[in-house]
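Text of the file data31.cif, holding mmCIF, N, CA and C atoms:
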```cif
data_upload
loop_
_atom_site.label_atom_id
_atom_site.label_comp_id
_atom_site.auth_asym_id
_atom_site.auth_seq_id
_atom_site.Cartn_x
_atom_site.Cartn_y
_atom_site.Cartn_z
N MET D 1 -13.00 -2.42 -8.37
CA MET D 1 -13.00 -0.98 -8.13
C MET D 1 -13.42 -0.73 -6.69
N SER D 2 -12.71 0.13 -6.02
CA SER D 2 -13.00 0.37 -4.61
C SER D 2 -14.13 1.37 -4.45
N GLU D 3 -14.85 1.21 -3.34
CA GLU D 3 -15.92 2.16 -3.04
C GLU D 3 -15.32 3.38 -2.37
N GLN D 4 -16.00 4.51 -2.55
CA GLN D 4 -15.54 5.78 -1.99
C GLN D 4 -15.67 5.76 -0.47
N LEU D 5 -14.66 6.25 0.22
CA LEU D 5 -14.71 6.36 1.67
C LEU D 5 -15.19 7.76 2.05
N ASP D 6 -16.02 7.84 3.08
CA ASP D 6 -16.43 9.17 3.53
C ASP D 6 -15.43 9.69 4.56
N ASP D 7 -15.55 10.99 4.89
CA ASP D 7 -14.59 11.63 5.79
C ASP D 7 -14.53 10.96 7.16
N GLN D 8 -15.67 10.51 7.64
CA GLN D 8 -15.72 9.86 8.95
C GLN D 8 -14.92 8.55 8.94
N GLN D 9 -15.09 7.75 7.87
CA GLN D 9 -14.33 6.50 7.75
C GLN D 9 -12.83 6.80 7.66
N ILE D 10 -12.48 7.79 6.87
CA ILE D 10 -11.06 8.15 6.69
C ILE D 10 -10.45 8.56 8.03
N GLN D 11 -11.14 9.42 8.77
CA GLN D 11 -10.62 9.86 10.08
C GLN D 11 -10.46 8.70 11.04
N LYS D 12 -11.43 7.80 11.05
CA LYS D 12 -11.35 6.63 11.94
C LYS D 12 -10.14 5.77 11.58
N ILE D 13 -9.98 5.48 10.31
CA ILE D 13 -8.88 4.61 9.85
C ILE D 13 -7.53 5.27 10.10
N GLN D 14 -7.46 6.59 9.97
CA GLN D 14 -6.20 7.29 10.22
C GLN D 14 -5.76 7.21 11.68
N GLN D 15 -6.67 6.84 12.57
CA GLN D 15 -6.32 6.68 13.99
C GLN D 15 -5.70 5.30 14.27
N TYR D 16 -5.78 4.39 13.32
CA TYR D 16 -5.25 3.03 13.52
C TYR D 16 -3.74 3.08 13.76
N ASP D 17 -3.24 2.11 14.54
CA ASP D 17 -1.79 1.97 14.69
C ASP D 17 -1.24 1.24 13.46
N ALA D 18 0.08 1.09 13.39
CA ALA D 18 0.72 0.52 12.20
C ALA D 18 0.20 -0.89 11.89
N GLN D 19 0.00 -1.71 12.92
CA GLN D 19 -0.48 -3.08 12.71
C GLN D 19 -1.91 -3.08 12.18
N GLN D 20 -2.75 -2.22 12.72
CA GLN D 20 -4.14 -2.13 12.25
C GLN D 20 -4.20 -1.61 10.82
N ARG D 21 -3.34 -0.65 10.50
CA ARG D 21 -3.31 -0.13 9.12
C ARG D 21 -2.85 -1.21 8.16
N TYR D 22 -1.88 -2.01 8.58
CA TYR D 22 -1.41 -3.12 7.76
C TYR D 22 -2.56 -4.10 7.50
N GLN D 23 -3.28 -4.47 8.54
CA GLN D 23 -4.39 -5.42 8.39
C GLN D 23 -5.48 -4.84 7.49
N TYR D 24 -5.75 -3.56 7.66
CA TYR D 24 -6.75 -2.89 6.81
C TYR D 24 -6.29 -2.90 5.35
N LEU D 25 -5.01 -2.59 5.12
CA LEU D 25 -4.49 -2.59 3.75
C LEU D 25 -4.63 -3.96 3.11
N ILE D 26 -4.23 -5.01 3.81
CA ILE D 26 -4.33 -6.37 3.26
C ILE D 26 -5.78 -6.67 2.87
N LYS D 27 -6.71 -6.38 3.77
CA LYS D 27 -8.12 -6.65 3.51
C LYS D 27 -8.62 -5.88 2.28
N GLU D 28 -8.30 -4.59 2.21
CA GLU D 28 -8.75 -3.75 1.09
C GLU D 28 -8.11 -4.15 -0.23
N VAL D 29 -6.81 -4.43 -0.20
CA VAL D 29 -6.10 -4.82 -1.42
C VAL D 29 -6.69 -6.12 -1.98
N LEU D 30 -6.95 -7.08 -1.12
CA LEU D 30 -7.52 -8.35 -1.59
C LEU D 30 -8.96 -8.17 -2.07
N LYS D 31 -9.72 -7.32 -1.40
CA LYS D 31 -11.11 -7.08 -1.79
C LYS D 31 -11.19 -6.33 -3.12
N ASN D 32 -10.37 -5.29 -3.28
CA ASN D 32 -10.44 -4.43 -4.47
C ASN D 32 -9.48 -4.85 -5.58
N LYS D 33 -8.56 -5.76 -5.26
CA LYS D 33 -7.57 -6.27 -6.21
C LYS D 33 -6.70 -5.16 -6.80
N GLU D 34 -6.36 -4.18 -5.95
CA GLU D 34 -5.48 -3.11 -6.37
C GLU D 34 -4.73 -2.52 -5.18
N ILE D 35 -3.55 -1.98 -5.48
CA ILE D 35 -2.69 -1.32 -4.50
C ILE D 35 -2.48 0.10 -5.01
N TRP D 36 -2.47 1.06 -4.11
CA TRP D 36 -2.33 2.46 -4.52
C TRP D 36 -0.93 2.99 -4.22
N LEU D 37 -0.39 3.71 -5.20
CA LEU D 37 0.90 4.38 -5.08
C LEU D 37 0.71 5.86 -5.35
N LEU D 38 1.71 6.63 -5.03
CA LEU D 38 1.74 8.04 -5.39
C LEU D 38 2.86 8.21 -6.40
N ILE D 39 2.53 8.73 -7.58
CA ILE D 39 3.53 8.79 -8.65
C ILE D 39 3.66 10.20 -9.22
N ASP D 40 4.81 10.44 -9.85
CA ASP D 40 5.03 11.65 -10.65
C ASP D 40 5.69 11.22 -11.95
N GLU D 41 6.22 12.17 -12.70
CA GLU D 41 6.79 11.82 -14.01
C GLU D 41 8.04 10.95 -13.91
N HIS D 42 8.63 10.86 -12.73
CA HIS D 42 9.85 10.06 -12.54
C HIS D 42 9.57 8.67 -11.98
N GLY D 43 8.34 8.41 -11.58
CA GLY D 43 8.00 7.11 -10.98
C GLY D 43 7.27 7.31 -9.67
N CYS D 44 7.38 6.32 -8.79
CA CYS D 44 6.64 6.42 -7.52
C CYS D 44 7.49 7.15 -6.48
N VAL D 45 6.79 7.79 -5.54
CA VAL D 45 7.49 8.51 -4.48
C VAL D 45 8.15 7.52 -3.52
N MET D 46 9.15 7.99 -2.82
CA MET D 46 9.92 7.15 -1.92
C MET D 46 9.99 7.79 -0.54
N LEU D 47 10.02 6.95 0.47
CA LEU D 47 10.33 7.38 1.84
C LEU D 47 11.64 6.71 2.21
N ASN D 48 12.44 7.40 2.99
CA ASN D 48 13.74 6.85 3.35
C ASN D 48 13.85 6.69 4.86
N THR D 49 14.33 5.51 5.28
CA THR D 49 14.66 5.28 6.68
C THR D 49 16.18 5.24 6.75
N GLU D 50 16.70 5.02 7.93
CA GLU D 50 18.16 4.92 8.06
C GLU D 50 18.69 3.71 7.30
N GLU D 51 17.91 2.63 7.26
CA GLU D 51 18.38 1.40 6.64
C GLU D 51 17.84 1.17 5.22
N GLU D 52 16.66 1.69 4.93
CA GLU D 52 15.97 1.30 3.70
C GLU D 52 15.44 2.49 2.91
N ASP D 53 15.41 2.32 1.59
CA ASP D 53 14.62 3.19 0.72
C ASP D 53 13.32 2.45 0.50
N CYS D 54 12.20 3.11 0.76
CA CYS D 54 10.91 2.44 0.76
C CYS D 54 9.92 3.08 -0.21
N VAL D 55 9.13 2.23 -0.82
CA VAL D 55 8.00 2.66 -1.63
C VAL D 55 6.76 2.57 -0.75
N PRO D 56 6.09 3.69 -0.49
CA PRO D 56 4.87 3.62 0.31
C PRO D 56 3.70 3.10 -0.53
N VAL D 57 2.88 2.25 0.08
CA VAL D 57 1.68 1.73 -0.58
C VAL D 57 0.48 2.00 0.31
N TRP D 58 -0.66 2.25 -0.34
CA TRP D 58 -1.89 2.57 0.38
C TRP D 58 -3.02 1.66 -0.07
N PRO D 59 -4.03 1.50 0.78
CA PRO D 59 -5.15 0.61 0.47
C PRO D 59 -6.22 1.26 -0.42
N ASN D 60 -6.30 2.59 -0.40
CA ASN D 60 -7.36 3.29 -1.11
C ASN D 60 -6.80 4.57 -1.71
N LYS D 61 -7.46 5.04 -2.74
CA LYS D 61 -7.04 6.28 -3.41
C LYS D 61 -7.00 7.45 -2.43
N GLU D 62 -8.02 7.55 -1.56
CA GLU D 62 -8.12 8.70 -0.66
C GLU D 62 -6.88 8.85 0.22
N PHE D 63 -6.33 7.74 0.70
CA PHE D 63 -5.16 7.81 1.57
C PHE D 63 -3.90 8.16 0.79
N ALA D 64 -3.76 7.62 -0.40
CA ALA D 64 -2.60 7.96 -1.23
C ALA D 64 -2.66 9.44 -1.61
N GLN D 65 -3.83 9.90 -2.04
CA GLN D 65 -3.99 11.29 -2.48
C GLN D 65 -3.74 12.27 -1.34
N ALA D 66 -4.04 11.85 -0.11
CA ALA D 66 -3.83 12.72 1.06
C ALA D 66 -2.34 13.06 1.24
N TRP D 67 -1.47 12.25 0.66
CA TRP D 67 -0.03 12.50 0.75
C TRP D 67 0.47 13.46 -0.33
N ALA D 68 -0.38 13.79 -1.29
CA ALA D 68 0.03 14.66 -2.40
C ALA D 68 -0.01 16.12 -1.96
N THR D 69 0.86 16.46 -1.02
CA THR D 69 0.94 17.82 -0.49
C THR D 69 2.40 18.27 -0.51
N GLU D 70 2.61 19.55 -0.32
CA GLU D 70 3.93 20.16 -0.24
C GLU D 70 4.87 19.65 -1.33
N GLU D 71 5.95 18.96 -0.95
CA GLU D 71 6.92 18.53 -1.97
C GLU D 71 6.33 17.50 -2.95
N TRP D 72 5.24 16.87 -2.58
CA TRP D 72 4.61 15.87 -3.45
C TRP D 72 3.29 16.36 -4.05
N SER D 73 3.05 17.67 -4.01
CA SER D 73 1.77 18.21 -4.49
C SER D 73 1.56 17.97 -5.98
N HIS D 74 2.62 17.74 -6.71
CA HIS D 74 2.51 17.47 -8.16
C HIS D 74 2.23 15.98 -8.45
N CYS D 75 2.22 15.16 -7.43
CA CYS D 75 2.03 13.71 -7.61
C CYS D 75 0.55 13.35 -7.65
N LYS D 76 0.26 12.19 -8.22
CA LYS D 76 -1.13 11.72 -8.23
C LYS D 76 -1.19 10.26 -7.79
N ALA D 77 -2.33 9.92 -7.22
CA ALA D 77 -2.55 8.55 -6.78
C ALA D 77 -2.82 7.68 -8.00
N GLU D 78 -2.20 6.53 -8.03
CA GLU D 78 -2.43 5.61 -9.15
C GLU D 78 -2.53 4.19 -8.60
N SER D 79 -3.49 3.45 -9.13
CA SER D 79 -3.66 2.06 -8.66
C SER D 79 -2.88 1.11 -9.56
N ILE D 80 -2.39 0.07 -8.94
CA ILE D 80 -1.71 -1.03 -9.63
C ILE D 80 -2.56 -2.27 -9.35
N SER D 81 -2.93 -2.98 -10.40
CA SER D 81 -3.72 -4.19 -10.17
C SER D 81 -2.90 -5.19 -9.37
N LEU D 82 -3.58 -5.98 -8.59
CA LEU D 82 -2.90 -6.98 -7.77
C LEU D 82 -2.12 -7.95 -8.64
N GLU D 83 -2.69 -8.31 -9.78
CA GLU D 83 -1.99 -9.21 -10.71
C GLU D 83 -0.68 -8.59 -11.20
N LYS D 84 -0.73 -7.32 -11.60
CA LYS D 84 0.46 -6.63 -12.06
C LYS D 84 1.48 -6.52 -10.92
N TRP D 85 0.98 -6.28 -9.70
CA TRP D 85 1.87 -6.19 -8.55
C TRP D 85 2.64 -7.49 -8.39
N HIS D 86 1.90 -8.62 -8.40
CA HIS D 86 2.55 -9.93 -8.24
C HIS D 86 3.53 -10.21 -9.38
N ASN D 87 3.11 -9.91 -10.60
CA ASN D 87 3.91 -10.28 -11.77
C ASN D 87 5.09 -9.37 -12.04
N ARG D 88 4.98 -8.08 -11.72
CA ARG D 88 6.03 -7.15 -12.12
C ARG D 88 6.66 -6.37 -10.96
N TRP D 89 5.82 -5.85 -10.08
CA TRP D 89 6.33 -4.92 -9.08
C TRP D 89 7.20 -5.60 -8.03
N THR D 90 6.78 -6.76 -7.56
CA THR D 90 7.56 -7.45 -6.52
C THR D 90 8.99 -7.66 -7.00
N HIS D 91 9.16 -8.21 -8.20
CA HIS D 91 10.50 -8.48 -8.74
C HIS D 91 11.25 -7.19 -9.04
N GLY D 92 10.54 -6.20 -9.55
CA GLY D 92 11.17 -4.92 -9.87
C GLY D 92 11.70 -4.22 -8.63
N LEU D 93 10.91 -4.22 -7.56
CA LEU D 93 11.35 -3.60 -6.31
C LEU D 93 12.53 -4.36 -5.70
N GLU D 94 12.46 -5.70 -5.77
CA GLU D 94 13.58 -6.51 -5.27
C GLU D 94 14.85 -6.19 -6.04
N GLY D 95 14.71 -6.12 -7.36
CA GLY D 95 15.87 -5.84 -8.22
C GLY D 95 16.49 -4.48 -7.92
N ASP D 96 15.65 -3.53 -7.54
CA ASP D 96 16.13 -2.18 -7.20
C ASP D 96 16.50 -2.06 -5.72
N GLU D 97 16.43 -3.17 -5.00
CA GLU D 97 16.75 -3.22 -3.57
C GLU D 97 15.93 -2.21 -2.77
N LEU D 98 14.64 -2.15 -3.05
CA LEU D 98 13.73 -1.27 -2.34
C LEU D 98 12.83 -2.07 -1.42
N ALA D 99 12.42 -1.45 -0.35
CA ALA D 99 11.47 -2.06 0.59
C ALA D 99 10.11 -1.38 0.39
N ILE D 100 9.12 -1.88 1.10
CA ILE D 100 7.76 -1.34 1.04
C ILE D 100 7.39 -0.86 2.42
N VAL D 101 6.85 0.34 2.51
CA VAL D 101 6.28 0.80 3.78
C VAL D 101 4.76 0.78 3.59
N VAL D 102 4.11 -0.01 4.44
CA VAL D 102 2.68 -0.27 4.32
C VAL D 102 1.86 0.83 4.97
N PHE D 103 1.05 1.52 4.15
CA PHE D 103 0.06 2.49 4.62
C PHE D 103 0.65 3.41 5.69
N PRO D 104 1.68 4.20 5.33
CA PRO D 104 2.28 5.09 6.32
C PRO D 104 1.29 6.14 6.80
N ASP D 105 1.43 6.52 8.08
CA ASP D 105 0.58 7.60 8.60
C ASP D 105 1.25 8.94 8.28
N GLN D 106 0.66 10.02 8.77
CA GLN D 106 1.19 11.34 8.46
C GLN D 106 2.55 11.61 9.09
N ASN D 107 2.98 10.75 10.01
CA ASN D 107 4.32 10.85 10.61
C ASN D 107 5.32 9.95 9.90
N CYS D 108 4.92 9.42 8.76
CA CYS D 108 5.76 8.52 7.96
C CYS D 108 6.01 7.19 8.66
N GLU D 109 5.14 6.83 9.59
CA GLU D 109 5.28 5.56 10.33
C GLU D 109 4.44 4.49 9.65
N GLY D 110 5.02 3.32 9.48
CA GLY D 110 4.31 2.18 8.92
C GLY D 110 5.20 0.96 8.99
N LEU D 111 4.60 -0.21 8.87
CA LEU D 111 5.39 -1.44 8.88
C LEU D 111 6.17 -1.55 7.57
N ILE D 112 7.41 -2.02 7.67
CA ILE D 112 8.28 -2.14 6.49
C ILE D 112 8.47 -3.62 6.16
N PHE D 113 8.31 -3.92 4.89
CA PHE D 113 8.48 -5.28 4.39
C PHE D 113 9.41 -5.28 3.19
N PHE D 114 10.12 -6.39 3.01
CA PHE D 114 10.80 -6.60 1.75
C PHE D 114 9.74 -7.04 0.75
N PRO D 115 9.92 -6.75 -0.54
CA PRO D 115 8.88 -7.05 -1.53
C PRO D 115 8.41 -8.50 -1.52
N ASP D 116 9.35 -9.45 -1.39
CA ASP D 116 8.94 -10.87 -1.41
C ASP D 116 8.13 -11.21 -0.15
N GLU D 117 8.45 -10.61 0.99
CA GLU D 117 7.68 -10.84 2.22
C GLU D 117 6.26 -10.31 2.06
N PHE D 118 6.14 -9.10 1.52
CA PHE D 118 4.83 -8.48 1.33
C PHE D 118 3.99 -9.31 0.36
N ASP D 119 4.61 -9.76 -0.71
CA ASP D 119 3.91 -10.58 -1.69
C ASP D 119 3.40 -11.87 -1.05
N LEU D 120 4.25 -12.49 -0.24
CA LEU D 120 3.88 -13.72 0.46
C LEU D 120 2.72 -13.46 1.43
N GLU D 121 2.78 -12.35 2.14
CA GLU D 121 1.68 -11.98 3.05
C GLU D 121 0.36 -11.87 2.29
N LEU D 122 0.39 -11.19 1.16
CA LEU D 122 -0.82 -11.04 0.34
C LEU D 122 -1.34 -12.41 -0.10
N GLN D 123 -0.44 -13.27 -0.57
CA GLN D 123 -0.85 -14.59 -1.05
C GLN D 123 -1.41 -15.45 0.08
N GLN D 124 -0.78 -15.40 1.25
CA GLN D 124 -1.26 -16.20 2.39
C GLN D 124 -2.63 -15.73 2.84
N HIS D 125 -2.84 -14.42 2.90
CA HIS D 125 -4.15 -13.90 3.30
C HIS D 125 -5.20 -14.22 2.23
N ALA D 126 -4.83 -14.20 0.97
CA ALA D 126 -5.77 -14.54 -0.10
C ALA D 126 -6.20 -16.00 0.04
N LYS D 127 -5.26 -16.88 0.37
CA LYS D 127 -5.59 -18.30 0.57
C LYS D 127 -6.53 -18.47 1.75
N LYS D 128 -6.23 -17.78 2.86
CA LYS D 128 -7.10 -17.87 4.04
C LYS D 128 -8.52 -17.42 3.69
N ASN D 129 -8.61 -16.32 2.94
CA ASN D 129 -9.93 -15.80 2.56
C ASN D 129 -10.68 -16.76 1.66
N SER D 130 -9.98 -17.41 0.74
CA SER D 130 -10.67 -18.34 -0.16
C SER D 130 -11.13 -19.58 0.61
N HIS D 131 -10.38 -19.99 1.64
CA HIS D 131 -10.82 -21.12 2.49
C HIS D 131 -12.06 -20.75 3.28
N LYS D 132 -12.09 -19.52 3.79
CA LYS D 132 -13.25 -19.06 4.56
C LYS D 132 -14.51 -19.07 3.70
N LYS D 133 -14.38 -18.64 2.45
CA LYS D 133 -15.54 -18.57 1.56
C LYS D 133 -16.07 -19.96 1.19
N GLN D 134 -15.16 -20.93 1.14
CA GLN D 134 -15.56 -22.29 0.76
C GLN D 134 -16.29 -23.01 1.89
N HIS D 135 -16.05 -22.60 3.14
CA HIS D 135 -16.64 -23.30 4.29
C HIS D 135 -17.93 -22.67 4.74
#
```

Written as structure tokens, how would this file's structure read?
Amino acid sequence: MSEQLDDQQIQKIQQYDAQQRYQYLIKEVLKNKEIWLLIDEHGCVMLNTEEEDCVPVWPNKEFAQAWATEEWSHCKAESISLEKWHNRWTHGLEGDELAIVVFPDQNCEGLIFFPDEFDLELQQHAKKNSHKKQH
């Protein structure tokens, strides 16, 4: 379960560039063992680029919930366990030919990954972290 972020932490993190937000997301997801989505009765919300339909993912509830405005005001933040993400979501997103946009900012900017790439990134960082703890 993730700890609550205060307004000062949220504002600081929102200033990060796309690469910093990606690194923050990886760290938080591995620490809390959950990924946050924004969902409604039809499923998760989507962002569209010229090339890809993307599912946005966030590191904490506060950031996902901050997107629940205007056209998405009826949506709610929901966490997916890391295990469920690995076992079901990666393959499901691949099957639907969807990409992932990592921790988009308020301008809809974020790094885009294919589901298998994102899954591999999570697994590689998890391995690095487990090696650090053992030494």

Please determine the residues with any atom at most 10 Å from (20.1, -0.6, 3.8) (coordinates as given in the file, with only C-alpha atoms counting) and report them as a ChimeraX atom specification.
-> /D:48-53,97-99

Mind writing the picked residues with N, CA and C atoms as a compact mmCIF listing (two decimals), keeping the file's coordinate frame?
```txt
# COMPACT_ATOMS: atom_id res chain seq x y z
N ASN D 48 12.44 7.40 2.99
CA ASN D 48 13.74 6.85 3.35
C ASN D 48 13.85 6.69 4.86
N THR D 49 14.33 5.51 5.28
CA THR D 49 14.66 5.28 6.68
C THR D 49 16.18 5.24 6.75
N GLU D 50 16.70 5.02 7.93
CA GLU D 50 18.16 4.92 8.06
C GLU D 50 18.69 3.71 7.30
N GLU D 51 17.91 2.63 7.26
CA GLU D 51 18.38 1.40 6.64
C GLU D 51 17.84 1.17 5.22
N GLU D 52 16.66 1.69 4.93
CA GLU D 52 15.97 1.30 3.70
C GLU D 52 15.44 2.49 2.91
N ASP D 53 15.41 2.32 1.59
CA ASP D 53 14.62 3.19 0.72
C ASP D 53 13.32 2.45 0.50
N GLU D 97 16.43 -3.17 -5.00
CA GLU D 97 16.75 -3.22 -3.57
C GLU D 97 15.93 -2.21 -2.77
N LEU D 98 14.64 -2.15 -3.05
CA LEU D 98 13.73 -1.27 -2.34
C LEU D 98 12.83 -2.07 -1.42
N ALA D 99 12.42 -1.45 -0.35
CA ALA D 99 11.47 -2.06 0.59
C ALA D 99 10.11 -1.38 0.39
```

D:Glu28, D:Cys75, D:Lys12, D:Leu82 ranked by distance to Asn60 of chain D, top pick (using all atoms listed in the file) =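 Comparing D:Glu28, D:Cys75, D:Lys12, D:Leu82 against Asn60 of chain D, the winner is D:Glu28.
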
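Between atom N of Asn87 of chain D and atom N of His74 of chain D lies a distance of 27.9 Å.
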
Expressed in Å to a single decimal, how great is the separation between atom N of Glu70 of chain D and atom CA of Tyr24 of chain D?
->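 Calculated distance between atom N of Glu70 of chain D and atom CA of Tyr24 of chain D is 25.3 Å.
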
Write out, as JSON lines, each residue of segment 59-131 of chain D that has an atom at most 8 Å from segment 29-40 of chain D, together with the closest pair of atoms and their distance in Å to one decimal, counting only N, CA and C atoms, rows going by chain and rising number.
```
{"residue": "D:Pro59", "atom": "N", "partner": "D:Trp36", "partner_atom": "N", "distance": 5.2}
{"residue": "D:Asn60", "atom": "N", "partner": "D:Trp36", "partner_atom": "N", "distance": 5.5}
{"residue": "D:Lys61", "atom": "N", "partner": "D:Trp36", "partner_atom": "CA", "distance": 6.0}
{"residue": "D:Phe63", "atom": "C", "partner": "D:Trp36", "partner_atom": "C", "distance": 7.8}
{"residue": "D:Ala64", "atom": "CA", "partner": "D:Leu37", "partner_atom": "C", "distance": 5.7}
{"residue": "D:Gln65", "atom": "N", "partner": "D:Leu38", "partner_atom": "CA", "distance": 6.8}
{"residue": "D:Trp67", "atom": "C", "partner": "D:Leu38", "partner_atom": "CA", "distance": 7.5}
{"residue": "D:Ala68", "atom": "N", "partner": "D:Leu38", "partner_atom": "CA", "distance": 7.4}
{"residue": "D:His74", "atom": "C", "partner": "D:Asp40", "partner_atom": "CA", "distance": 5.6}
{"residue": "D:Cys75", "atom": "CA", "partner": "D:Ile39", "partner_atom": "C", "distance": 4.2}
{"residue": "D:Lys76", "atom": "C", "partner": "D:Ile39", "partner_atom": "N", "distance": 4.0}
{"residue": "D:Ala77", "atom": "CA", "partner": "D:Leu37", "partner_atom": "C", "distance": 4.5}
{"residue": "D:Glu78", "atom": "N", "partner": "D:Leu37", "partner_atom": "C", "distance": 4.0}
{"residue": "D:Ser79", "atom": "CA", "partner": "D:Ile35", "partner_atom": "C", "distance": 4.3}
{"residue": "D:Ile80", "atom": "N", "partner": "D:Ile35", "partner_atom": "C", "distance": 3.9}
{"residue": "D:Ser81", "atom": "CA", "partner": "D:Glu34", "partner_atom": "CA", "distance": 4.3}
{"residue": "D:Leu82", "atom": "N", "partner": "D:Lys33", "partner_atom": "C", "distance": 3.7}
{"residue": "D:Glu83", "atom": "N", "partner": "D:Lys33", "partner_atom": "C", "distance": 5.9}
{"residue": "D:Lys84", "atom": "N", "partner": "D:Lys33", "partner_atom": "C", "distance": 8.0}
{"residue": "D:Trp85", "atom": "CA", "partner": "D:Ile35", "partner_atom": "N", "distance": 7.5}
{"residue": "D:Leu122", "atom": "CA", "partner": "D:Leu30", "partner_atom": "N", "distance": 7.4}
{"residue": "D:His125", "atom": "C", "partner": "D:Leu30", "partner_atom": "CA", "distance": 7.4}
{"residue": "D:Ala126", "atom": "CA", "partner": "D:Leu30", "partner_atom": "CA", "distance": 6.6}
```

Would you please give, as a ChimeraX atom specification, all residues of segment 12-71 of chain D that DSSP assigns to alpha helix (DSSP H) based on the backbone?
-> /D:12-14,18-32,61-65

How about saving the chosen residues, N, CA and C atoms kept, as a PDB file, keeping the file's coordinate frame?
```pdb
ATOM      1  N   LYS D  12     -11.430   7.800  11.050  1.00  0.00           N
ATOM      2  CA  LYS D  12     -11.350   6.630  11.940  1.00  0.00           C
ATOM      3  C   LYS D  12     -10.140   5.770  11.580  1.00  0.00           C
ATOM      4  N   ILE D  13      -9.980   5.480  10.310  1.00  0.00           N
ATOM      5  CA  ILE D  13      -8.880   4.610   9.850  1.00  0.00           C
ATOM      6  C   ILE D  13      -7.530   5.270  10.100  1.00  0.00           C
ATOM      7  N   GLN D  14      -7.460   6.590   9.970  1.00  0.00           N
ATOM      8  CA  GLN D  14      -6.200   7.290  10.220  1.00  0.00           C
ATOM      9  C   GLN D  14      -5.760   7.210  11.680  1.00  0.00           C
ATOM     10  N   ALA D  18       0.080   1.090  13.390  1.00  0.00           N
ATOM     11  CA  ALA D  18       0.720   0.520  12.200  1.00  0.00           C
ATOM     12  C   ALA D  18       0.200  -0.890  11.890  1.00  0.00           C
ATOM     13  N   GLN D  19       0.000  -1.710  12.920  1.00  0.00           N
ATOM     14  CA  GLN D  19      -0.480  -3.080  12.710  1.00  0.00           C
ATOM     15  C   GLN D  19      -1.910  -3.080  12.180  1.00  0.00           C
ATOM     16  N   GLN D  20      -2.750  -2.220  12.720  1.00  0.00           N
ATOM     17  CA  GLN D  20      -4.140  -2.130  12.250  1.00  0.00           C
ATOM     18  C   GLN D  20      -4.200  -1.610  10.820  1.00  0.00           C
ATOM     19  N   ARG D  21      -3.340  -0.650  10.500  1.00  0.00           N
ATOM     20  CA  ARG D  21      -3.310  -0.130   9.120  1.00  0.00           C
ATOM     21  C   ARG D  21      -2.850  -1.210   8.160  1.00  0.00           C
ATOM     22  N   TYR D  22      -1.880  -2.010   8.580  1.00  0.00           N
ATOM     23  CA  TYR D  22      -1.410  -3.120   7.760  1.00  0.00           C
ATOM     24  C   TYR D  22      -2.560  -4.100   7.500  1.00  0.00           C
ATOM     25  N   GLN D  23      -3.280  -4.470   8.540  1.00  0.00           N
ATOM     26  CA  GLN D  23      -4.390  -5.420   8.390  1.00  0.00           C
ATOM     27  C   GLN D  23      -5.480  -4.840   7.490  1.00  0.00           C
ATOM     28  N   TYR D  24      -5.750  -3.560   7.660  1.00  0.00           N
ATOM     29  CA  TYR D  24      -6.750  -2.890   6.810  1.00  0.00           C
ATOM     30  C   TYR D  24      -6.290  -2.900   5.350  1.00  0.00           C
ATOM     31  N   LEU D  25      -5.010  -2.590   5.120  1.00  0.00           N
ATOM     32  CA  LEU D  25      -4.490  -2.590   3.750  1.00  0.00           C
ATOM     33  C   LEU D  25      -4.630  -3.960   3.110  1.00  0.00           C
ATOM     34  N   ILE D  26      -4.230  -5.010   3.810  1.00  0.00           N
ATOM     35  CA  ILE D  26      -4.330  -6.370   3.260  1.00  0.00           C
ATOM     36  C   ILE D  26      -5.780  -6.670   2.870  1.00  0.00           C
ATOM     37  N   LYS D  27      -6.710  -6.380   3.770  1.00  0.00           N
ATOM     38  CA  LYS D  27      -8.120  -6.650   3.510  1.00  0.00           C
ATOM     39  C   LYS D  27      -8.620  -5.880   2.280  1.00  0.00           C
ATOM     40  N   GLU D  28      -8.300  -4.590   2.210  1.00  0.00           N
ATOM     41  CA  GLU D  28      -8.750  -3.750   1.090  1.00  0.00           C
ATOM     42  C   GLU D  28      -8.110  -4.150  -0.230  1.00  0.00           C
ATOM     43  N   VAL D  29      -6.810  -4.430  -0.200  1.00  0.00           N
ATOM     44  CA  VAL D  29      -6.100  -4.820  -1.420  1.00  0.00           C
ATOM     45  C   VAL D  29      -6.690  -6.120  -1.980  1.00  0.00           C
ATOM     46  N   LEU D  30      -6.950  -7.080  -1.120  1.00  0.00           N
ATOM     47  CA  LEU D  30      -7.520  -8.350  -1.590  1.00  0.00           C
ATOM     48  C   LEU D  30      -8.960  -8.170  -2.070  1.00  0.00           C
ATOM     49  N   LYS D  31      -9.720  -7.320  -1.400  1.00  0.00           N
ATOM     50  CA  LYS D  31     -11.110  -7.080  -1.790  1.00  0.00           C
ATOM     51  C   LYS D  31     -11.190  -6.330  -3.120  1.00  0.00           C
ATOM     52  N   ASN D  32     -10.370  -5.290  -3.280  1.00  0.00           N
ATOM     53  CA  ASN D  32     -10.440  -4.430  -4.470  1.00  0.00           C
ATOM     54  C   ASN D  32      -9.480  -4.850  -5.580  1.00  0.00           C
ATOM     55  N   LYS D  61      -7.460   5.040  -2.740  1.00  0.00           N
ATOM     56  CA  LYS D  61      -7.040   6.280  -3.410  1.00  0.00           C
ATOM     57  C   LYS D  61      -7.000   7.450  -2.430  1.00  0.00           C
ATOM     58  N   GLU D  62      -8.020   7.550  -1.560  1.00  0.00           N
ATOM     59  CA  GLU D  62      -8.120   8.700  -0.660  1.00  0.00           C
ATOM     60  C   GLU D  62      -6.880   8.850   0.220  1.00  0.00           C
ATOM     61  N   PHE D  63      -6.330   7.740   0.700  1.00  0.00           N
ATOM     62  CA  PHE D  63      -5.160   7.810   1.570  1.00  0.00           C
ATOM     63  C   PHE D  63      -3.900   8.160   0.790  1.00  0.00           C
ATOM     64  N   ALA D  64      -3.760   7.620  -0.400  1.00  0.00           N
ATOM     65  CA  ALA D  64      -2.600   7.960  -1.230  1.00  0.00           C
ATOM     66  C   ALA D  64      -2.660   9.440  -1.610  1.00  0.00           C
ATOM     67  N   GLN D  65      -3.830   9.900  -2.040  1.00  0.00           N
ATOM     68  CA  GLN D  65      -3.990  11.290  -2.480  1.00  0.00           C
ATOM     69  C   GLN D  65      -3.740  12.270  -1.340  1.00  0.00           C
TER      70      GLN D  65
END
```
